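Reproduced below: coords-v7.txt, with compact mmCIF, C-alpha atoms.
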# COMPACT_ATOMS: atom_id res chain seq x y z
CA SER C 1 0.00 0.00 0.00
CA LEU C 2 1.03 3.60 -0.43
CA SER C 3 0.99 4.25 3.30
CA ARG C 4 3.34 1.30 3.94
CA ALA C 5 5.71 2.84 1.39
CA GLY C 6 5.83 5.98 3.57
CA PHE C 7 3.32 8.17 1.75
CA ASN C 8 0.61 10.15 3.50
CA VAL C 9 -2.76 9.12 2.08
CA ASP C 10 -6.01 11.08 2.21
CA VAL C 11 -8.93 8.75 1.54
CA VAL C 12 -12.16 10.39 0.41
CA ALA C 13 -14.97 7.86 0.29
CA TYR C 14 -18.71 7.49 0.38
CA GLY C 15 -19.87 6.40 3.82
CA GLY C 16 -22.02 3.39 4.44
CA SER C 17 -19.53 0.69 5.36
CA GLU C 18 -16.97 0.50 8.12
CA PRO C 19 -13.37 0.97 6.95
CA HIS C 20 -10.96 -1.85 7.79
CA SER C 21 -9.10 -1.42 11.09
CA SER C 22 -5.76 -1.33 9.25
CA VAL C 23 -6.99 1.80 7.50
CA LYS C 24 -8.61 3.42 10.53
CA GLU C 25 -5.59 2.86 12.77
CA ASN C 26 -2.87 3.84 10.29
CA PRO C 27 -1.36 7.25 11.18
CA LYS C 28 -0.39 7.75 7.52
CA ILE C 29 -4.03 7.50 6.39
CA SER C 30 -6.57 10.26 6.87
CA LEU C 31 -10.21 9.33 6.25
CA SER C 32 -12.71 11.83 4.90
CA LEU C 33 -16.12 10.20 4.56
CA LEU C 34 -18.83 11.90 2.55
CA GLY C 35 -22.12 12.17 4.38
CA PRO C 36 -25.38 10.71 3.15
CA LEU C 37 -27.57 12.78 0.88
CA PRO C 38 -30.92 13.97 2.26
CA SER C 39 -33.49 11.17 2.02
CA VAL C 40 -36.14 13.64 0.80
CA ILE C 41 -34.44 13.42 -2.61
CA ASN C 42 -35.83 9.90 -3.04
CA ARG C 43 -39.39 11.28 -3.13
CA LEU C 44 -38.64 12.97 -6.45
CA PRO C 45 -39.32 11.33 -9.81
CA ARG C 46 -36.64 8.71 -10.60
CA LEU C 47 -34.96 10.63 -13.42
CA LEU C 48 -34.82 13.80 -11.34
CA VAL C 49 -33.32 11.83 -8.42
CA TYR C 50 -30.30 10.97 -10.59
CA PHE C 51 -29.65 14.60 -11.50
CA VAL C 52 -30.12 15.96 -7.97
CA LYS C 53 -27.87 13.26 -6.48
CA VAL C 54 -25.15 13.96 -9.03
CA ALA C 55 -25.32 17.71 -8.41
CA LEU C 56 -25.08 17.29 -4.63
CA GLN C 57 -22.28 14.73 -4.91
CA CYS C 58 -20.37 17.12 -7.19
CA LEU C 59 -20.57 19.81 -4.54
CA GLN C 60 -19.55 17.43 -1.75
CA LEU C 61 -16.60 16.04 -3.69
CA PHE C 62 -15.35 19.39 -4.90
CA TYR C 63 -15.54 20.83 -1.40
CA ARG C 64 -13.57 17.90 0.07
CA LEU C 65 -10.98 17.60 -2.69
CA TYR C 66 -10.39 21.26 -3.44
CA ILE C 67 -11.28 23.19 -0.28
CA ARG C 68 -10.75 20.87 2.70
CA LEU C 69 -7.78 18.73 1.67
CA PRO C 70 -4.26 19.96 0.96
CA ARG C 71 -2.87 19.72 -2.56
CA ALA C 72 -1.54 16.26 -3.37
CA SER C 73 0.99 15.16 -5.95
CA HIS C 74 -1.41 12.47 -7.22
CA LEU C 75 -5.11 11.75 -6.98
CA LEU C 76 -5.90 8.04 -7.32
CA LEU C 77 -9.53 7.49 -8.24
CA GLN C 78 -11.01 4.03 -7.89
CA ASN C 79 -13.57 3.47 -10.63
CA PRO C 80 -16.46 2.78 -10.31
CA PRO C 81 -18.21 4.93 -9.27
CA ALA C 82 -17.61 7.09 -12.32
CA ILE C 83 -20.39 9.67 -12.07
CA PRO C 84 -19.70 12.30 -10.83
CA THR C 85 -16.31 11.38 -9.35
CA MET C 86 -14.30 11.28 -12.57
CA ALA C 87 -15.24 14.80 -13.70
CA VAL C 88 -14.80 16.36 -10.27
CA ALA C 89 -11.48 14.61 -9.66
CA TRP C 90 -10.22 15.59 -13.12
CA LEU C 91 -11.23 19.24 -12.56
CA VAL C 92 -9.57 19.39 -9.13
CA CYS C 93 -6.41 17.86 -10.60
CA ARG C 94 -6.29 20.43 -13.38
CA LEU C 95 -6.86 23.31 -10.95
CA ARG C 96 -4.19 22.07 -8.55
CA GLY C 97 -1.58 20.68 -10.91
CA THR C 98 -2.12 17.19 -9.50
CA GLU C 99 -1.63 13.96 -11.47
CA PHE C 100 -4.97 12.25 -12.19
CA VAL C 101 -4.70 8.45 -11.93
CA VAL C 102 -7.64 6.10 -12.48
CA ASP C 103 -7.65 2.70 -10.80
CA TRP C 104 -9.98 0.66 -13.02
CA HIS C 105 -11.95 -2.06 -11.23
CA ASN C 106 -14.92 -2.18 -13.60
CA TYR C 107 -16.95 0.07 -15.86
CA GLY C 108 -19.57 2.14 -14.07
CA HIS C 109 -21.86 2.22 -17.10
CA THR C 110 -22.09 -1.60 -17.19
CA ILE C 111 -23.22 -1.62 -13.56
CA LEU C 112 -25.80 1.08 -14.33
CA SER C 113 -27.05 -0.97 -17.28
CA MET C 114 -28.05 -3.74 -14.86
CA ALA C 115 -30.57 -1.39 -13.24
CA LEU C 116 -31.76 0.20 -16.49
CA SER C 117 -30.83 -1.24 -19.89
CA LYS C 118 -27.85 -1.03 -22.21
CA ARG C 119 -29.80 1.26 -24.54
CA HIS C 120 -31.15 3.60 -21.86
CA PRO C 121 -30.07 7.23 -22.48
CA LEU C 122 -28.47 7.47 -19.02
CA VAL C 123 -26.40 4.33 -19.66
CA ARG C 124 -25.30 5.65 -23.06
CA PHE C 125 -24.36 8.97 -21.46
CA ALA C 126 -22.48 7.14 -18.66
CA ASP C 127 -20.55 5.15 -21.27
CA TRP C 128 -19.54 8.33 -23.11
CA TYR C 129 -18.69 10.14 -19.85
CA GLU C 130 -16.53 7.31 -18.50
CA ARG C 131 -14.72 6.90 -21.82
CA PHE C 132 -14.11 10.68 -22.09
CA PHE C 133 -12.75 11.16 -18.58
CA GLY C 134 -10.93 7.83 -18.62
CA ARG C 135 -8.93 9.09 -21.58
CA MET C 136 -8.20 12.35 -19.73
CA ALA C 137 -6.35 10.57 -16.93
CA ASP C 138 -2.62 11.16 -16.68
CA SER C 139 -2.12 7.49 -15.75
CA ALA C 140 -4.18 4.37 -15.20
CA VAL C 141 -3.89 1.07 -13.36
CA CYS C 142 -6.09 -2.04 -13.51
CA VAL C 143 -6.98 -4.92 -11.27
CA THR C 144 -6.89 -7.49 -14.11
CA ASN C 145 -5.10 -8.07 -17.39
CA ALA C 146 -8.50 -8.51 -19.07
CA MET C 147 -9.54 -5.01 -17.99
CA ARG C 148 -6.21 -3.60 -19.16
CA GLU C 149 -6.63 -5.18 -22.59
CA ASP C 150 -10.25 -4.03 -22.89
CA LEU C 151 -9.32 -0.45 -21.98
CA LYS C 152 -6.51 -0.47 -24.54
CA GLU C 153 -8.48 -2.07 -27.38
CA ASN C 154 -11.79 -0.26 -26.96
CA TRP C 155 -10.89 3.11 -25.43
CA GLY C 156 -7.22 3.64 -26.19
CA VAL C 157 -6.43 3.85 -22.47
CA HIS C 158 -3.06 2.39 -21.47
CA ALA C 159 -2.99 0.99 -17.95
Hey, can you dump this file as structure tokens for me?
Amino acid sequence: SLSRAGFNVDVVAYGGSEPHSSVKENPKISLSLLGPLPSVINRLPRLLVYFVKVALQCLQLFYRLYIRLPRASHLLLQNPPAIPTMAVAWLVCRLRGTEFVVDWHNYGHTILSMALSKRHPLVRFADWYERFFGRMADSAVCVTNAMREDLKENWGVHA
């Protein structure tokens, strides 16, 4: 891990699950958990819920990454989730002169397609969005060789 190599690590994550004790107890790791969004949002029509959640998450992420945390040499983004994290992380990196690195675990749009459909406009947008910002990364890493090959062949992303 980066912390074991002597680096200070700021972890920004969505809350909801308890971080491992090795993370919580490591003096080199600082946790910054994003709070839950107001539940009243879920009373809105489904399509509107997506847009409101994304807008609020953009604000939360930008505030944490740009305002609250000190400038870092690198920002390592685990993907998914892609929306809105990729755009916000990319913007913060450009504003701060930070290297933007994507850690590819899966494609966010394929996960979204399980809830909607592959042809749904939101899934098609998510595919475009993830491809666009994935190509904007300064570097990329993958969890599998299959993912690395798929990124290279289909998106021109070298991980």
Practice task
For stretch 21-26 of chain C, list every protein, DNA or RNA residue within 10 Å, evaluated using only C-alpha atoms, and leave out those in the same chain fewer than 5 positions away; present the list as an MDAnalysis selection string.
Solution key: chainID C and resid 3:4 8:9 11 31
Exercise for the section: Could you check how far atom CA of C:Ala13 sits from atom CA of C:Leu37, in Å to one decimal? Expected result: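 Between these atoms lies a distance of 13.5 Å.
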Fill in the blank from the handout: The distance between atom CA of C:Lys118 and atom CA of C:Leu56 is 25.5 Å
Practice task
With a distance cut-off of 7 Å and only C-alpha atoms, select the neighbouring residues of C:Val123, excluding the residue or stretch itself and same-chain residues fewer than 4 positions from it, and output the selection as a list in words.
Solution key: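 That gives His109, Leu112, Ser113, Lys118, Arg119 and Asp127 of chain C.
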Practice task
Quick one: everything within 9 Å of C:Pro80, counting all atoms listed in the file, minus sequence neighbours fewer than 2 positions away in the same chain. Send it as a PyMOL selection string.
Solution key: chain C and resi 77-78+82-83+85+103-109+111
Could you turn the residues from that selection into a file that holds C-alpha atoms, as a PDB file, in the coordinates of the input?
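Saved the output as part-v8.pdb:
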ATOM      1  CA  LEU C  77      -9.530   7.490  -8.240  1.00  0.00           C
ATOM      2  CA  GLN C  78     -11.010   4.030  -7.890  1.00  0.00           C
ATOM      3  CA  ALA C  82     -17.610   7.090 -12.320  1.00  0.00           C
ATOM      4  CA  ILE C  83     -20.390   9.670 -12.070  1.00  0.00           C
ATOM      5  CA  THR C  85     -16.310  11.380  -9.350  1.00  0.00           C
ATOM      6  CA  ASP C 103      -7.650   2.700 -10.800  1.00  0.00           C
ATOM      7  CA  TRP C 104      -9.980   0.660 -13.020  1.00  0.00           C
ATOM      8  CA  HIS C 105     -11.950  -2.060 -11.230  1.00  0.00           C
ATOM      9  CA  ASN C 106     -14.920  -2.180 -13.600  1.00  0.00           C
ATOM     10  CA  TYR C 107     -16.950   0.070 -15.860  1.00  0.00           C
ATOM     11  CA  GLY C 108     -19.570   2.140 -14.070  1.00  0.00           C
ATOM     12  CA  HIS C 109     -21.860   2.220 -17.100  1.00  0.00           C
ATOM     13  CA  ILE C 111     -23.220  -1.620 -13.560  1.00  0.00           C
TER      14      ILE C 111
END
Practice task
Within 7 Å of C:Gly15, counting only C-alpha atoms, which residues show up once you throw out same-chain ones fewer than 4 positions away? Write them as a list in words, please.
Solution key: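 Residues near the query, excluding close chain neighbours: Leu33, Leu34 and Gly35 of chain C.
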Handout entry: Atomic distance atom CA of C:Arg96 - atom CA of C:Met147, expressed in Å with one decimal
Key = 29.2 Å
Exercise for the section: Give as a PyMOL selection string each residue that has an atom at most 12 Å from (-13.7, 18.9, 2.7) in the file, counting all atoms listed in the file. Expected result: chain C and resi 10-13+30-35+59-70
Include C-alpha atoms and write out the residues we just selected as a short mmCIF file (atom, residue, chain, number, x, y, z; two decimals), keeping the file's coordinate frame.
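Full text of part-v4.cif as output:
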data_model
loop_
_atom_site.label_atom_id
_atom_site.label_comp_id
_atom_site.auth_asym_id
_atom_site.auth_seq_id
_atom_site.Cartn_x
_atom_site.Cartn_y
_atom_site.Cartn_z
CA ASP C 10 -6.01 11.08 2.21
CA VAL C 11 -8.93 8.75 1.54
CA VAL C 12 -12.16 10.39 0.41
CA ALA C 13 -14.97 7.86 0.29
CA SER C 30 -6.57 10.26 6.87
CA LEU C 31 -10.21 9.33 6.25
CA SER C 32 -12.71 11.83 4.90
CA LEU C 33 -16.12 10.20 4.56
CA LEU C 34 -18.83 11.90 2.55
CA GLY C 35 -22.12 12.17 4.38
CA LEU C 59 -20.57 19.81 -4.54
CA GLN C 60 -19.55 17.43 -1.75
CA LEU C 61 -16.60 16.04 -3.69
CA PHE C 62 -15.35 19.39 -4.90
CA TYR C 63 -15.54 20.83 -1.40
CA ARG C 64 -13.57 17.90 0.07
CA LEU C 65 -10.98 17.60 -2.69
CA TYR C 66 -10.39 21.26 -3.44
CA ILE C 67 -11.28 23.19 -0.28
CA ARG C 68 -10.75 20.87 2.70
CA LEU C 69 -7.78 18.73 1.67
CA PRO C 70 -4.26 19.96 0.96
#
Problem - Residue among C:Ile29, C:Ala159, C:Leu122, C:Val40 lying closest to C:Val141, counting all atoms listed in the file - result: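 Smallest distance to C:Val141 is found for C:Ala159.
Take the candidates C:Val143, C:Ala126, C:Val102, C:Ala137 and check each one against C:Tyr50 using only C-alpha atoms; the shortest distance goes to C:Ala126.
Closest to C:Cys142 among C:Ala115, C:Val88, C:Leu76, C:Cys93 is C:Leu76, based on all atoms listed in the file.
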Practice task
Dig up all the protein and nucleic acid residues within 6 Å of (-1.8, 3.9, -20.1) in the file frame, using all atoms listed in the file, and format them as a count of residues only.
Solution key: 5
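The closest residue to C:Pro121, picked from C:Met136, C:Leu47, C:Leu91, C:Val101 and counting all atoms listed in the file, is C:Leu47.
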Exercise for the section: May I ask which of the residues C:Phe7, C:Thr110, C:Ile41, C:Arg148 is the closest one to C:Pro81, counting all atoms listed in the file? Expected result: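 That would be C:Thr110, the residue with the smallest distance to C:Pro81.
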Practice task
Go through C:Ser17, C:Thr98, C:Asn145, C:Gln57 and flag the residue nearest C:Leu75, using all atoms listed in the file for the distances.
Solution key: C:Thr98
